[in-house]
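Let me begin by presenting the structure, written as structure tokens, before commenting on it.
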Amino acid sequence: MNSLNRFTDPAYCLMRLIFGLNFASHGGQLLFGMFGGMPGSNSPLLQLCGWICLVGGFLIAFGLLTRLAAFVSSGTMAVAYFMVHAPHNFFPIANQGERAVFYSWVFLFIFFYGPGRWSIDAMIGKGKAAPPASAT
Amino acid sequence: MAWLNRYADAIYCIVRLTIGLMFACHGGQKIFGFPPSERGLATNPTGLTVGWIELSCGFLIGFGLLTRLAAFIASGEMAVAYFLTSFSGKVIGHAPTALERFLPILNKGELPVLFCFIFFFTVFYGPGRWSIDALMGKRSTSLS
């Protein structure tokens, strides 16, 4: 089934786009009250989180400064999980923190994997941002 | 920054484990009532089918056995779940507007979307180096 590995990088870029845009929509929720808003979103901490979600989400989605944005976003989501969700219950499925776990781990993976071939990073620096050799 | 790619596969395996086990939790809730949830056990055939798919594919993906096959089934199941429940407005409980159909954050279907795409990526990436697949057939399933 190694022939499927040829499409790893396109699938990765598609996943990065979807995860980034979904993450950015949380930023819109926190900052601008879009999509029904979120209770308590005018506190400074949640505003900061909102800016990270919005900017980081779009940067990850379109692959500009991917690794940096993914690192910051991953850390933010880890903090969010342990501050907001973890005290309620051990299981992510019961403490509503499943999406925070998702974003945190996937962005950590994006930090290590890099931008992939369909990204602004790859367009800017053809040589430097080529798809990683480890996944071909 | 390309030196980071050396660790990408190891991180991938941890991500696969975490997300596989979270997926299995959804099945466990429907089949065994563990982890506890208010919704209770699944009773209708669809719920039972979905529950068994989630439980078995979740563990298979988590530990990396038949990874690609399990991820393909799980990804498809999540796509169907998204269109049957979130996209059609069943989760929010009223007929969705056009905007509510297409934005997962509005129709409460973000989780199926995330599961669907991460498993879609898993189909193509494969089991990774820390998996039962890689232990069983060094040559056929390694990443090279």
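Residues are referred to by chain and number: the chain letter is A, B, ... according to the order shown in the structure tokens, the number counts from 1 in that chain, and ligands are numbered separately from 1 in the order shown.
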Neighbouring residues of segment 119-128 of chain B were defined as those with any atom within 10 Å, considering only C-alpha atoms; residues of the same chain fewer than 3 positions away were excluded. Please report them as a compact mmCIF listing (two decimals) with C-alpha atoms, in the first residue's frame.
```
# COMPACT_ATOMS: atom_id res chain seq x y z
CA MET A 1 0.00 0.00 0.00
CA ASN A 2 3.04 2.23 -0.19
CA SER A 3 1.72 3.69 -3.43
CA LEU A 4 -0.70 5.68 -1.29
CA ASN A 5 2.22 7.52 0.25
CA ARG A 6 2.60 9.46 -2.98
CA PHE A 7 -0.53 11.41 -2.04
CA THR A 8 0.52 12.02 1.56
CA ASP A 9 1.55 15.58 0.97
CA PRO A 10 -1.62 16.75 -0.86
CA ALA A 11 -3.75 15.06 1.81
CA TYR A 12 -1.66 16.80 4.44
CA CYS A 13 -2.17 20.20 2.82
CA LEU A 14 -5.91 19.64 2.61
CA MET A 15 -6.01 18.66 6.29
CA ARG A 16 -3.93 21.72 7.20
CA ALA A 135 7.31 11.06 4.21
CA THR A 136 7.86 10.15 0.59
CA ALA B 8 7.70 14.31 12.46
CA ASP B 9 7.11 10.57 12.31
CA ALA B 10 7.41 10.08 16.08
CA ILE B 11 4.99 12.94 16.74
CA TYR B 12 2.67 11.51 14.12
CA CYS B 13 2.52 8.22 16.02
CA ILE B 14 1.61 10.01 19.26
CA ARG B 16 -2.43 8.77 15.93
CA ILE B 19 -6.88 10.60 18.34
CA GLY B 20 -7.49 6.89 17.86
CA ILE B 61 -5.78 3.29 14.45
CA GLY B 62 -4.55 4.02 17.96
CA PHE B 63 -2.20 1.04 18.06
CA GLY B 64 -1.47 1.04 14.35
CA LEU B 65 -2.86 -2.33 13.26
CA LEU B 66 -4.32 -2.37 9.72
CA THR B 67 -4.00 1.37 10.03
CA ARG B 68 -4.86 2.44 6.51
CA LEU B 69 -7.92 0.21 6.23
CA ALA B 70 -9.26 1.25 9.64
CA ALA B 71 -8.60 4.92 8.92
CA PHE B 72 -10.37 4.67 5.56
CA ILE B 73 -13.49 3.20 7.19
CA ALA B 74 -13.39 5.68 10.07
CA SER B 75 -12.92 8.65 7.75
CA GLY B 76 -15.84 7.58 5.59
CA MET B 78 -17.28 10.46 9.95
CA VAL B 113 -14.93 17.24 10.27
CA LEU B 114 -11.70 17.10 12.25
CA PHE B 115 -11.92 13.32 12.68
CA CYS B 116 -12.73 12.88 9.00
CA SER B 131 2.88 0.83 15.22
CA ILE B 132 1.96 -2.85 15.15
CA ASP B 133 1.97 -2.70 11.36
CA ALA B 134 5.58 -1.57 11.35
CA THR B 141 4.95 -1.04 5.84
CA SER B 142 7.97 1.07 6.68
CA LEU B 143 7.87 4.62 5.49
```
From chain B, collect each residue whose DSSP state is alpha helix (DSSP H) and return the set as a count of residues only. 88
Shell of 6 Å around segment 103-115 of chain A, only C-alpha atoms, local chain residues under 5 positions omitted, as a list in words: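 Here the qualifying residues turn out to be Gly63, Thr66, Arg67, Ala70, Phe71, Ser74, Met77 and Ala78 of chain A; Leu4, Asn5, Ala8, Ile11 and Val15 of chain B.
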Taking 2 positions as the minimum chain separation for residues in the same chain, which residues sit within 12 Å of Gly37 of chain A when counting only C-alpha atoms? Answer as a ChimeraX atom specification. /A:25-35,39-42,46,50 /B:105-106
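Within 12 Å of segment 38-49 of chain B, once only C-alpha atoms are used and residues closer than 3 positions along the same chain are dropped, the contacting residues are Ile93 and Ala94 of chain A; His26, Gly27, Gly28, Gln29, Lys30, Ile31, Phe32, Gly33, Phe34, Pro35, Trp52, Ile53, Glu54, Leu55, Ser56, Cys57, Ala74, Glu77, Val80, Ala81 and Leu84 of chain B.
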What separation in Å, quoted to one decimal, exists between atom CA of Ala95 of chain B and atom CA of Gly20 of chain A?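 One can read the atom CA of Ala95 of chain B to atom CA of Gly20 of chain A distance as 27.3 Å.
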Would you please work out which residue, of B:Phe23, B:Phe117, B:Phe59, B:Trp130, is nearest to chain A when using only C-alpha atoms? B:Phe117
Quick one: of B:Leu111, B:Arg129, B:Ala24, B:Phe102, who's nearest to chain A, counting only C-alpha atoms? B:Leu111
